[in-house]
$ cat work-v2.cif   # mmCIF, N, CA and C atoms
data_data
#
loop_
_atom_site.label_atom_id
_atom_site.label_comp_id
_atom_site.auth_asym_id
_atom_site.auth_seq_id
_atom_site.Cartn_x
_atom_site.Cartn_y
_atom_site.Cartn_z
N MET J 1 0.84 -1.18 0.00
CA MET J 1 0.00 0.00 0.00
C MET J 1 0.89 1.24 0.00
N ASP J 2 0.49 2.22 -0.79
CA ASP J 2 1.24 3.47 -0.88
C ASP J 2 0.41 4.60 -0.30
N PHE J 3 1.11 5.63 0.18
CA PHE J 3 0.49 6.83 0.70
C PHE J 3 1.12 8.02 -0.01
N ARG J 4 0.29 8.97 -0.42
CA ARG J 4 0.82 10.17 -1.07
C ARG J 4 -0.19 11.30 -0.97
N LYS J 5 0.31 12.51 -1.23
CA LYS J 5 -0.57 13.68 -1.27
C LYS J 5 -1.44 13.64 -2.52
N ALA J 6 -2.63 14.18 -2.38
CA ALA J 6 -3.55 14.29 -3.51
C ALA J 6 -3.06 15.36 -4.48
N THR J 7 -3.31 15.13 -5.76
CA THR J 7 -2.98 16.09 -6.81
C THR J 7 -4.25 16.39 -7.61
N LEU J 8 -4.14 17.31 -8.54
CA LEU J 8 -5.28 17.65 -9.38
C LEU J 8 -5.80 16.44 -10.15
N GLU J 9 -4.93 15.51 -10.46
CA GLU J 9 -5.37 14.30 -11.17
C GLU J 9 -6.29 13.43 -10.32
N ASP J 10 -6.28 13.64 -9.01
CA ASP J 10 -7.10 12.84 -8.10
C ASP J 10 -8.48 13.44 -7.85
N VAL J 11 -8.76 14.59 -8.43
CA VAL J 11 -10.03 15.28 -8.15
C VAL J 11 -11.25 14.39 -8.40
N PRO J 12 -11.35 13.68 -9.52
CA PRO J 12 -12.54 12.82 -9.70
C PRO J 12 -12.69 11.78 -8.59
N ALA J 13 -11.60 11.17 -8.17
CA ALA J 13 -11.66 10.16 -7.10
C ALA J 13 -12.02 10.81 -5.77
N LEU J 14 -11.46 11.98 -5.49
CA LEU J 14 -11.80 12.69 -4.25
C LEU J 14 -13.30 12.99 -4.21
N ALA J 15 -13.85 13.42 -5.33
CA ALA J 15 -15.28 13.73 -5.39
C ALA J 15 -16.12 12.48 -5.15
N GLU J 16 -15.76 11.38 -5.78
CA GLU J 16 -16.53 10.14 -5.60
C GLU J 16 -16.45 9.62 -4.17
N LEU J 17 -15.26 9.65 -3.58
CA LEU J 17 -15.13 9.18 -2.20
C LEU J 17 -15.85 10.10 -1.22
N ARG J 18 -15.85 11.39 -1.49
CA ARG J 18 -16.59 12.34 -0.64
C ARG J 18 -18.08 12.01 -0.67
N LYS J 19 -18.61 11.73 -1.85
CA LYS J 19 -20.04 11.39 -1.94
C LYS J 19 -20.34 10.11 -1.17
N GLN J 20 -19.46 9.12 -1.29
CA GLN J 20 -19.67 7.86 -0.57
C GLN J 20 -19.61 8.09 0.94
N GLN J 21 -18.69 8.95 1.38
CA GLN J 21 -18.58 9.27 2.79
C GLN J 21 -19.89 9.90 3.29
N LEU J 22 -20.41 10.85 2.55
CA LEU J 22 -21.65 11.52 2.95
C LEU J 22 -22.81 10.53 3.05
N ILE J 23 -22.89 9.63 2.09
CA ILE J 23 -23.95 8.61 2.12
C ILE J 23 -23.76 7.68 3.32
N ASP J 24 -22.53 7.25 3.58
CA ASP J 24 -22.26 6.39 4.73
C ASP J 24 -22.61 7.07 6.05
N GLU J 25 -22.52 8.40 6.07
CA GLU J 25 -22.86 9.16 7.28
C GLU J 25 -24.36 9.43 7.38
N GLY J 26 -25.13 8.90 6.43
CA GLY J 26 -26.59 8.99 6.52
C GLY J 26 -27.23 10.11 5.73
N LEU J 27 -26.45 10.83 4.92
CA LEU J 27 -27.03 11.89 4.11
C LEU J 27 -27.53 11.31 2.79
N LEU J 28 -28.71 11.70 2.41
CA LEU J 28 -29.29 11.20 1.17
C LEU J 28 -28.80 12.02 -0.01
N PRO J 29 -28.46 11.37 -1.11
CA PRO J 29 -28.00 12.09 -2.30
C PRO J 29 -29.18 12.70 -3.06
N LEU J 30 -29.73 13.77 -2.51
CA LEU J 30 -30.94 14.38 -3.07
C LEU J 30 -30.67 15.26 -4.28
N GLN J 31 -29.39 15.60 -4.50
CA GLN J 31 -29.06 16.42 -5.65
C GLN J 31 -27.67 16.05 -6.15
N ASN J 32 -27.38 16.42 -7.35
CA ASN J 32 -26.08 16.14 -7.95
C ASN J 32 -25.10 17.23 -7.53
N ILE J 33 -24.03 16.84 -6.84
CA ILE J 33 -23.02 17.81 -6.40
C ILE J 33 -21.67 17.56 -7.06
N ASP J 34 -21.66 16.80 -8.14
CA ASP J 34 -20.41 16.48 -8.82
C ASP J 34 -19.63 17.73 -9.23
N ALA J 35 -20.28 18.66 -9.90
CA ALA J 35 -19.59 19.86 -10.37
C ALA J 35 -19.04 20.67 -9.21
N GLN J 36 -19.81 20.80 -8.13
CA GLN J 36 -19.36 21.57 -6.97
C GLN J 36 -18.17 20.92 -6.30
N LEU J 37 -18.21 19.60 -6.16
CA LEU J 37 -17.09 18.89 -5.55
C LEU J 37 -15.82 19.02 -6.39
N LYS J 38 -15.94 18.83 -7.68
CA LYS J 38 -14.78 18.93 -8.56
C LYS J 38 -14.21 20.34 -8.56
N HIS J 39 -15.09 21.33 -8.56
CA HIS J 39 -14.63 22.73 -8.51
C HIS J 39 -13.91 22.99 -7.18
N TYR J 40 -14.51 22.55 -6.08
CA TYR J 40 -13.90 22.77 -4.76
C TYR J 40 -12.51 22.14 -4.70
N PHE J 41 -12.42 20.86 -5.00
CA PHE J 41 -11.14 20.17 -4.87
C PHE J 41 -10.10 20.76 -5.83
N SER J 42 -10.48 21.08 -7.04
CA SER J 42 -9.54 21.68 -7.99
C SER J 42 -9.01 23.02 -7.48
N ARG J 43 -9.93 23.90 -7.11
CA ARG J 43 -9.53 25.24 -6.65
C ARG J 43 -8.70 25.17 -5.39
N CYS J 44 -9.12 24.37 -4.43
CA CYS J 44 -8.46 24.36 -3.13
C CYS J 44 -7.14 23.58 -3.14
N LEU J 45 -7.01 22.60 -4.01
CA LEU J 45 -5.70 21.96 -4.16
C LEU J 45 -4.71 22.94 -4.80
N MET J 46 -5.20 23.74 -5.75
CA MET J 46 -4.30 24.69 -6.42
C MET J 46 -3.85 25.80 -5.49
N ASP J 47 -4.74 26.31 -4.63
CA ASP J 47 -4.33 27.41 -3.75
C ASP J 47 -3.87 26.93 -2.38
N ALA J 48 -3.78 25.61 -2.19
CA ALA J 48 -3.28 24.98 -0.96
C ALA J 48 -4.14 25.27 0.27
N SER J 49 -5.40 25.63 0.07
CA SER J 49 -6.31 25.76 1.20
C SER J 49 -6.90 24.40 1.57
N PHE J 50 -6.61 23.39 0.77
CA PHE J 50 -6.97 22.01 1.06
C PHE J 50 -5.75 21.14 0.73
N ILE J 51 -5.39 20.28 1.68
CA ILE J 51 -4.34 19.29 1.46
C ILE J 51 -4.98 17.94 1.71
N GLY J 52 -4.81 17.04 0.79
CA GLY J 52 -5.35 15.70 0.96
C GLY J 52 -4.25 14.67 0.93
N TRP J 53 -4.41 13.65 1.73
CA TRP J 53 -3.52 12.49 1.69
C TRP J 53 -4.35 11.28 1.30
N LEU J 54 -3.75 10.38 0.53
CA LEU J 54 -4.44 9.23 -0.01
C LEU J 54 -3.72 7.94 0.35
N ALA J 55 -4.51 6.89 0.51
CA ALA J 55 -3.97 5.54 0.61
C ALA J 55 -4.35 4.82 -0.67
N ILE J 56 -3.37 4.16 -1.28
CA ILE J 56 -3.59 3.53 -2.58
C ILE J 56 -3.21 2.06 -2.50
N ASP J 57 -4.17 1.23 -2.86
CA ASP J 57 -3.96 -0.21 -2.94
C ASP J 57 -4.53 -0.66 -4.28
N GLY J 58 -3.81 -0.34 -5.35
CA GLY J 58 -4.32 -0.53 -6.69
C GLY J 58 -5.14 0.66 -7.14
N ALA J 59 -6.04 1.12 -6.28
CA ALA J 59 -6.85 2.32 -6.48
C ALA J 59 -6.84 3.09 -5.16
N ILE J 60 -7.37 4.28 -5.18
CA ILE J 60 -7.47 5.06 -3.94
C ILE J 60 -8.52 4.41 -3.07
N ILE J 61 -8.11 3.99 -1.88
CA ILE J 61 -9.03 3.28 -0.98
C ILE J 61 -9.30 4.06 0.31
N ALA J 62 -8.58 5.17 0.52
CA ALA J 62 -8.82 5.97 1.72
C ALA J 62 -8.30 7.39 1.49
N THR J 63 -8.94 8.33 2.15
CA THR J 63 -8.55 9.74 2.04
C THR J 63 -8.54 10.39 3.42
N SER J 64 -7.82 11.47 3.51
CA SER J 64 -7.92 12.38 4.65
C SER J 64 -7.66 13.77 4.10
N GLY J 65 -8.35 14.74 4.63
CA GLY J 65 -8.22 16.09 4.12
C GLY J 65 -8.05 17.11 5.21
N LEU J 66 -7.48 18.22 4.81
CA LEU J 66 -7.19 19.30 5.74
C LEU J 66 -7.50 20.62 5.05
N CYS J 67 -8.38 21.39 5.66
CA CYS J 67 -8.73 22.72 5.16
C CYS J 67 -8.16 23.75 6.11
N PHE J 68 -7.75 24.87 5.56
CA PHE J 68 -7.23 25.96 6.38
C PHE J 68 -8.13 27.17 6.23
N TYR J 69 -8.40 27.84 7.34
CA TYR J 69 -9.10 29.10 7.29
C TYR J 69 -8.58 29.97 8.41
N GLN J 70 -8.96 31.23 8.38
CA GLN J 70 -8.41 32.16 9.36
C GLN J 70 -9.52 32.99 9.98
N LEU J 71 -9.43 33.13 11.29
CA LEU J 71 -10.30 34.01 12.07
C LEU J 71 -9.46 35.19 12.56
N PRO J 72 -10.10 36.22 13.07
CA PRO J 72 -9.29 37.28 13.67
C PRO J 72 -8.47 36.70 14.82
N PRO J 73 -7.25 37.19 15.02
CA PRO J 73 -6.44 36.69 16.14
C PRO J 73 -7.15 36.84 17.48
N SER J 74 -6.84 35.94 18.38
CA SER J 74 -7.40 35.99 19.73
C SER J 74 -6.28 35.66 20.72
N TYR J 75 -6.55 35.82 21.98
CA TYR J 75 -5.54 35.48 22.99
C TYR J 75 -5.25 33.98 22.99
N ALA J 76 -6.27 33.18 22.69
CA ALA J 76 -6.09 31.73 22.66
C ALA J 76 -5.44 31.26 21.36
N ASN J 77 -5.54 32.07 20.30
CA ASN J 77 -4.99 31.70 18.99
C ASN J 77 -4.48 32.98 18.31
N PRO J 78 -3.27 33.41 18.69
CA PRO J 78 -2.75 34.69 18.18
C PRO J 78 -2.65 34.78 16.65
N SER J 79 -2.46 33.66 15.96
CA SER J 79 -2.38 33.73 14.50
C SER J 79 -3.78 33.77 13.87
N GLY J 80 -4.76 33.27 14.58
CA GLY J 80 -6.11 33.17 14.04
C GLY J 80 -6.29 32.01 13.07
N LYS J 81 -5.21 31.30 12.75
CA LYS J 81 -5.29 30.21 11.78
C LYS J 81 -5.94 28.97 12.40
N ILE J 82 -6.79 28.35 11.62
CA ILE J 82 -7.49 27.14 12.04
C ILE J 82 -7.27 26.06 10.98
N ALA J 83 -7.00 24.86 11.41
CA ALA J 83 -6.95 23.71 10.52
C ALA J 83 -8.20 22.88 10.79
N TYR J 84 -8.87 22.49 9.74
CA TYR J 84 -10.09 21.69 9.87
C TYR J 84 -9.89 20.37 9.14
N ILE J 85 -9.97 19.28 9.88
CA ILE J 85 -9.79 17.95 9.30
C ILE J 85 -11.13 17.47 8.75
N THR J 86 -11.09 16.98 7.53
CA THR J 86 -12.31 16.51 6.87
C THR J 86 -11.95 15.37 5.92
N ASN J 87 -12.96 14.74 5.35
CA ASN J 87 -12.75 13.72 4.33
C ASN J 87 -11.92 12.54 4.81
N VAL J 88 -11.97 12.22 6.08
CA VAL J 88 -11.29 11.02 6.56
C VAL J 88 -12.25 9.86 6.27
N PHE J 89 -11.88 9.08 5.26
CA PHE J 89 -12.79 8.04 4.78
C PHE J 89 -12.00 6.87 4.21
N THR J 90 -12.42 5.67 4.57
CA THR J 90 -11.83 4.44 4.04
C THR J 90 -12.95 3.58 3.46
N VAL J 91 -12.73 3.04 2.28
CA VAL J 91 -13.75 2.16 1.70
C VAL J 91 -13.94 0.95 2.61
N LYS J 92 -15.14 0.42 2.60
CA LYS J 92 -15.52 -0.63 3.56
C LYS J 92 -14.59 -1.84 3.55
N THR J 93 -14.11 -2.22 2.39
CA THR J 93 -13.27 -3.42 2.30
C THR J 93 -11.91 -3.26 2.97
N HIS J 94 -11.51 -2.04 3.29
CA HIS J 94 -10.19 -1.80 3.86
C HIS J 94 -10.25 -1.20 5.28
N ARG J 95 -11.41 -1.19 5.89
CA ARG J 95 -11.55 -0.59 7.22
C ARG J 95 -10.96 -1.50 8.30
N ARG J 96 -10.64 -0.89 9.43
CA ARG J 96 -10.11 -1.58 10.61
C ARG J 96 -8.74 -2.19 10.36
N GLN J 97 -7.94 -1.53 9.51
CA GLN J 97 -6.59 -2.00 9.22
C GLN J 97 -5.54 -0.95 9.58
N GLY J 98 -5.96 0.14 10.25
CA GLY J 98 -5.02 1.18 10.66
C GLY J 98 -4.72 2.22 9.59
N ILE J 99 -5.41 2.15 8.47
CA ILE J 99 -5.14 3.09 7.37
C ILE J 99 -5.51 4.51 7.77
N ALA J 100 -6.66 4.69 8.39
CA ALA J 100 -7.09 6.03 8.79
C ALA J 100 -6.11 6.63 9.81
N SER J 101 -5.54 5.82 10.67
CA SER J 101 -4.55 6.31 11.63
C SER J 101 -3.31 6.85 10.92
N ILE J 102 -2.86 6.12 9.92
CA ILE J 102 -1.69 6.58 9.16
C ILE J 102 -2.00 7.90 8.46
N LEU J 103 -3.17 7.97 7.82
CA LEU J 103 -3.55 9.20 7.12
C LEU J 103 -3.73 10.37 8.08
N LEU J 104 -4.32 10.12 9.24
CA LEU J 104 -4.50 11.19 10.22
C LEU J 104 -3.15 11.69 10.73
N ASP J 105 -2.22 10.79 10.93
CA ASP J 105 -0.87 11.19 11.33
C ASP J 105 -0.24 12.09 10.27
N LYS J 106 -0.40 11.74 9.01
CA LYS J 106 0.16 12.55 7.93
C LYS J 106 -0.50 13.93 7.87
N ILE J 107 -1.78 13.98 8.10
CA ILE J 107 -2.50 15.27 8.12
C ILE J 107 -2.02 16.13 9.28
N LEU J 108 -1.84 15.53 10.44
CA LEU J 108 -1.36 16.31 11.60
C LEU J 108 0.07 16.80 11.38
N GLN J 109 0.88 16.05 10.64
CA GLN J 109 2.21 16.55 10.29
C GLN J 109 2.09 17.80 9.42
N GLU J 110 1.12 17.82 8.51
CA GLU J 110 0.88 18.99 7.67
C GLU J 110 0.49 20.20 8.52
N VAL J 111 -0.33 19.97 9.53
CA VAL J 111 -0.73 21.05 10.43
C VAL J 111 0.50 21.65 11.10
N ARG J 112 1.38 20.80 11.59
CA ARG J 112 2.60 21.27 12.25
C ARG J 112 3.49 22.05 11.28
N ILE J 113 3.61 21.55 10.06
CA ILE J 113 4.43 22.23 9.04
C ILE J 113 3.89 23.64 8.79
N GLN J 114 2.58 23.78 8.78
CA GLN J 114 1.95 25.08 8.52
C GLN J 114 2.01 25.99 9.75
N GLY J 115 2.41 25.45 10.91
CA GLY J 115 2.51 26.25 12.12
C GLY J 115 1.17 26.60 12.73
N VAL J 116 0.17 25.79 12.47
CA VAL J 116 -1.17 26.03 13.00
C VAL J 116 -1.31 25.29 14.33
N SER J 117 -1.88 25.97 15.32
CA SER J 117 -1.98 25.36 16.65
C SER J 117 -3.41 24.93 17.01
N VAL J 118 -4.40 25.32 16.22
CA VAL J 118 -5.78 24.95 16.51
C VAL J 118 -6.28 24.03 15.40
N VAL J 119 -6.74 22.84 15.79
CA VAL J 119 -7.24 21.85 14.84
C VAL J 119 -8.65 21.46 15.27
N ARG J 120 -9.54 21.51 14.32
CA ARG J 120 -10.94 21.17 14.59
C ARG J 120 -11.40 20.09 13.62
N LEU J 121 -12.47 19.40 14.01
CA LEU J 121 -13.11 18.43 13.13
C LEU J 121 -14.48 18.11 13.69
N HIS J 122 -15.29 17.52 12.86
CA HIS J 122 -16.55 16.93 13.28
C HIS J 122 -16.40 15.43 13.06
N ALA J 123 -16.59 14.66 14.10
CA ALA J 123 -16.35 13.22 14.00
C ALA J 123 -17.66 12.47 13.80
N SER J 124 -17.62 11.51 12.90
CA SER J 124 -18.75 10.58 12.79
C SER J 124 -18.67 9.65 14.00
N SER J 125 -19.72 8.92 14.24
CA SER J 125 -19.70 7.99 15.38
C SER J 125 -18.60 6.95 15.20
N ASP J 126 -18.33 6.55 13.97
CA ASP J 126 -17.27 5.57 13.70
C ASP J 126 -15.88 6.14 13.93
N GLY J 127 -15.72 7.46 13.80
CA GLY J 127 -14.39 8.06 13.89
C GLY J 127 -13.99 8.56 15.26
N LYS J 128 -14.92 8.63 16.19
CA LYS J 128 -14.62 9.25 17.49
C LYS J 128 -13.48 8.56 18.24
N ASP J 129 -13.44 7.25 18.22
CA ASP J 129 -12.36 6.53 18.92
C ASP J 129 -11.00 6.82 18.30
N LEU J 130 -10.96 6.87 16.98
CA LEU J 130 -9.71 7.18 16.29
C LEU J 130 -9.20 8.54 16.72
N TYR J 131 -10.05 9.53 16.70
CA TYR J 131 -9.61 10.89 17.05
C TYR J 131 -9.21 10.99 18.51
N ALA J 132 -9.91 10.27 19.38
CA ALA J 132 -9.56 10.28 20.80
C ALA J 132 -8.15 9.72 21.01
N LYS J 133 -7.76 8.70 20.24
CA LYS J 133 -6.42 8.14 20.35
C LYS J 133 -5.34 9.17 20.04
N PHE J 134 -5.68 10.14 19.20
CA PHE J 134 -4.73 11.18 18.83
C PHE J 134 -4.82 12.40 19.75
N GLY J 135 -5.68 12.34 20.76
CA GLY J 135 -5.76 13.42 21.74
C GLY J 135 -6.89 14.40 21.52
N PHE J 136 -7.73 14.19 20.52
CA PHE J 136 -8.88 15.07 20.32
C PHE J 136 -9.90 14.83 21.43
N SER J 137 -10.55 15.88 21.85
CA SER J 137 -11.59 15.76 22.86
C SER J 137 -12.82 16.54 22.40
N PRO J 138 -13.98 16.16 22.89
CA PRO J 138 -15.19 16.88 22.49
C PRO J 138 -15.09 18.36 22.88
N ALA J 139 -15.58 19.21 22.02
CA ALA J 139 -15.56 20.65 22.30
C ALA J 139 -16.89 21.24 21.86
N GLU J 140 -17.36 22.14 22.65
CA GLU J 140 -18.60 22.83 22.30
C GLU J 140 -18.30 24.32 22.22
N GLY J 141 -19.30 25.09 22.08
CA GLY J 141 -19.08 26.52 22.14
C GLY J 141 -19.49 27.28 20.91
N TYR J 142 -20.14 26.61 19.98
CA TYR J 142 -20.62 27.37 18.84
C TYR J 142 -22.07 27.02 18.58
N MET J 143 -22.73 27.92 17.93
CA MET J 143 -24.11 27.72 17.52
C MET J 143 -24.12 27.77 16.00
N ALA J 144 -25.15 27.21 15.39
CA ALA J 144 -25.20 27.17 13.93
C ALA J 144 -26.56 27.62 13.45
N LEU J 145 -26.57 28.18 12.27
CA LEU J 145 -27.79 28.57 11.58
C LEU J 145 -27.64 28.13 10.14
N ASN J 146 -28.52 27.29 9.68
CA ASN J 146 -28.53 26.88 8.27
C ASN J 146 -29.50 27.76 7.51
N LEU J 147 -28.99 28.49 6.55
CA LEU J 147 -29.85 29.38 5.76
C LEU J 147 -30.21 28.76 4.43
#

$ encode --input "work-v2.cif" --output "structure tokens"
Amino acid sequence: MDFRKATLEDVPALAELRKQQLIDEGLLPLQNIDAQLKHYFSRCLMDASFIGWLAIDGAIIATSGLCFYQLPPSYANPSGKIAYITNVFTVKTHRRQGIASILLDKILQEVRIQGVSVVRLHASSDGKDLYAKFGFSPAEGYMALNL
């Protein structure tokens, strides 16, 4: 099995795996989001606001992603930079083999390289134990409004 960073050539696979992840998390595919996913991954890979790592076993069988955004500086986060982990997904045939742990480690190395000290994510029920092993803990403190 090989591990490498995602490139523009991987955009179609990233889009397909993202859709499968959403479906596995219980979201219904009520609309076609292919164009939006391909646009997002293409644009964000080019401007480095998204970094993806892949596991390859003949084909891409797992992904992990990292988005960067910035808030105004605060006392708790003087740079204001935030890393958001997303797209941690392994196809069913390759789960429970430690692949997601390897990819998460690679993503956290990227966070350190970028000098970001705040890392956030939303964990699926299947992913919570994995993230806890890496030191993530539940955090609250925000409210949401879907418009």

$ select_by_dssp --input "work-v2.cif" --residues "chain J" --states "helix (DSSP H, G or I)" --output "PyMOL selection string"
chain J and resi 8-24+34-46+92-94+99-114+128-133

$ resolve_selection --input "work-v2.cif" --expression "the PyMOL selection byres ((chain J and resi 67-79) around 8)" --output "ChimeraX atom specification"
/J:48-52,64-66,80-86,116-118

$ atom_distance --input "work-v2.cif" --atom1 "atom CA of Glu16 of chain J" --atom2 "atom N of Lys133 of chain J"
27.3 Å

$ closest_atom_pairs --input "work-v2.cif" --of "segment 55-147 of chain J" --to "segment 4-15 of chain J" --cutoff "12 Å" --atoms "only C-alpha atoms" --output "Markdown table"
| residue | atom | partner | partner_atom | distance |
| --- | --- | --- | --- | --- |
| J:Ala55 | CA | J:Arg4 | CA | 6.9 |
| J:Ile56 | CA | J:Arg4 | CA | 8.1 |
| J:Asp57 | CA | J:Arg4 | CA | 11.6 |
| J:Ala59 | CA | J:Ala13 | CA | 9.2 |
| J:Ile60 | CA | J:Ala13 | CA | 7.3 |
| J:Ile61 | CA | J:Ala13 | CA | 9.6 |
| J:Ala62 | CA | J:Leu14 | CA | 9.5 |
| J:Thr63 | CA | J:Leu14 | CA | 7.7 |
| J:Ser64 | CA | J:Ala6 | CA | 9.5 |
| J:Gly65 | CA | J:Ala6 | CA | 9.1 |
| J:Leu66 | CA | J:Ala6 | CA | 11.1 |
| J:Thr86 | CA | J:Leu14 | CA | 11.8 |
| J:Asn87 | CA | J:Leu14 | CA | 8.7 |
| J:Val88 | CA | J:Leu14 | CA | 11.0 |
| J:Phe89 | CA | J:Leu14 | CA | 10.2 |
| J:Thr90 | CA | J:Leu14 | CA | 11.7 |
| J:Ile102 | CA | J:Arg4 | CA | 11.1 |
| J:Leu103 | CA | J:Arg4 | CA | 9.3 |
| J:Lys106 | CA | J:Lys5 | CA | 9.3 |
| J:Ile107 | CA | J:Lys5 | CA | 9.7 |
| J:Glu110 | CA | J:Lys5 | CA | 10.5 |

$ closest_residue --input "work-v2.cif" --among "J:Arg96, J:Lys19, J:Arg43, J:His122" --to "Pro138 of chain J" --atoms "only C-alpha atoms"
J:His122

$ atom_distance --input "work-v2.cif" --atom1 "atom CA of Ala123 of chain J" --atom2 "atom CA of Asp105 of chain J"
15.8 Å

$ atom_distance --input "work-v2.cif" --atom1 "atom C of Gln36 of chain J" --atom2 "atom C of Ile23 of chain J"
17.3 Å

$ select_by_dssp --input "work-v2.cif" --residues "segment 9-102 of chain J" --states "strand (DSSP E or B)" --output "PyMOL selection string"
chain J and resi 50-57+59-70+81-90

$ closest_residue --input "work-v2.cif" --among "J:Asp129, J:Arg120, J:Asp2, J:Gln21" --to "Leu54 of chain J" --atoms "all atoms listed in the file"
J:Asp2

$ axis_aligned_box --input "work-v2.cif" --around "segment 132-142 of chain J" --padding-each-side "3 Å" --output "JSON"
{"center_x": -13.4, "center_y": 17.8, "center_z": 20.7, "size_x": 23.3, "size_y": 25.2, "size_z": 10.3}

$ decode --input "work-v2.cif" --residues "segment 16-35 of chain J" --atoms "N, CA and C atoms" --output "compact mmCIF listing (two decimals), in the first residue's frame"
# COMPACT_ATOMS: atom_id res chain seq x y z
N GLU J 16 -15.76 11.38 -5.78
CA GLU J 16 -16.53 10.14 -5.60
C GLU J 16 -16.45 9.62 -4.17
N LEU J 17 -15.26 9.65 -3.58
CA LEU J 17 -15.13 9.18 -2.20
C LEU J 17 -15.85 10.10 -1.22
N ARG J 18 -15.85 11.39 -1.49
CA ARG J 18 -16.59 12.34 -0.64
C ARG J 18 -18.08 12.01 -0.67
N LYS J 19 -18.61 11.73 -1.85
CA LYS J 19 -20.04 11.39 -1.94
C LYS J 19 -20.34 10.11 -1.17
N GLN J 20 -19.46 9.12 -1.29
CA GLN J 20 -19.67 7.86 -0.57
C GLN J 20 -19.61 8.09 0.94
N GLN J 21 -18.69 8.95 1.38
CA GLN J 21 -18.58 9.27 2.79
C GLN J 21 -19.89 9.90 3.29
N LEU J 22 -20.41 10.85 2.55
CA LEU J 22 -21.65 11.52 2.95
C LEU J 22 -22.81 10.53 3.05
N ILE J 23 -22.89 9.63 2.09
CA ILE J 23 -23.95 8.61 2.12
C ILE J 23 -23.76 7.68 3.32
N ASP J 24 -22.53 7.25 3.58
CA ASP J 24 -22.26 6.39 4.73
C ASP J 24 -22.61 7.07 6.05
N GLU J 25 -22.52 8.40 6.07
CA GLU J 25 -22.86 9.16 7.28
C GLU J 25 -24.36 9.43 7.38
N GLY J 26 -25.13 8.90 6.43
CA GLY J 26 -26.59 8.99 6.52
C GLY J 26 -27.23 10.11 5.73
N LEU J 27 -26.45 10.83 4.92
CA LEU J 27 -27.03 11.89 4.11
C LEU J 27 -27.53 11.31 2.79
N LEU J 28 -28.71 11.70 2.41
CA LEU J 28 -29.29 11.20 1.17
C LEU J 28 -28.80 12.02 -0.01
N PRO J 29 -28.46 11.37 -1.11
CA PRO J 29 -28.00 12.09 -2.30
C PRO J 29 -29.18 12.70 -3.06
N LEU J 30 -29.73 13.77 -2.51
CA LEU J 30 -30.94 14.38 -3.07
C LEU J 30 -30.67 15.26 -4.28
N GLN J 31 -29.39 15.60 -4.50
CA GLN J 31 -29.06 16.42 -5.65
C GLN J 31 -27.67 16.05 -6.15
N ASN J 32 -27.38 16.42 -7.35
CA ASN J 32 -26.08 16.14 -7.95
C ASN J 32 -25.10 17.23 -7.53
N ILE J 33 -24.03 16.84 -6.84
CA ILE J 33 -23.02 17.81 -6.40
C ILE J 33 -21.67 17.56 -7.06
N ASP J 34 -21.66 16.80 -8.14
CA ASP J 34 -20.41 16.48 -8.82
C ASP J 34 -19.63 17.73 -9.23
N ALA J 35 -20.28 18.66 -9.90
CA ALA J 35 -19.59 19.86 -10.37
C ALA J 35 -19.04 20.67 -9.21
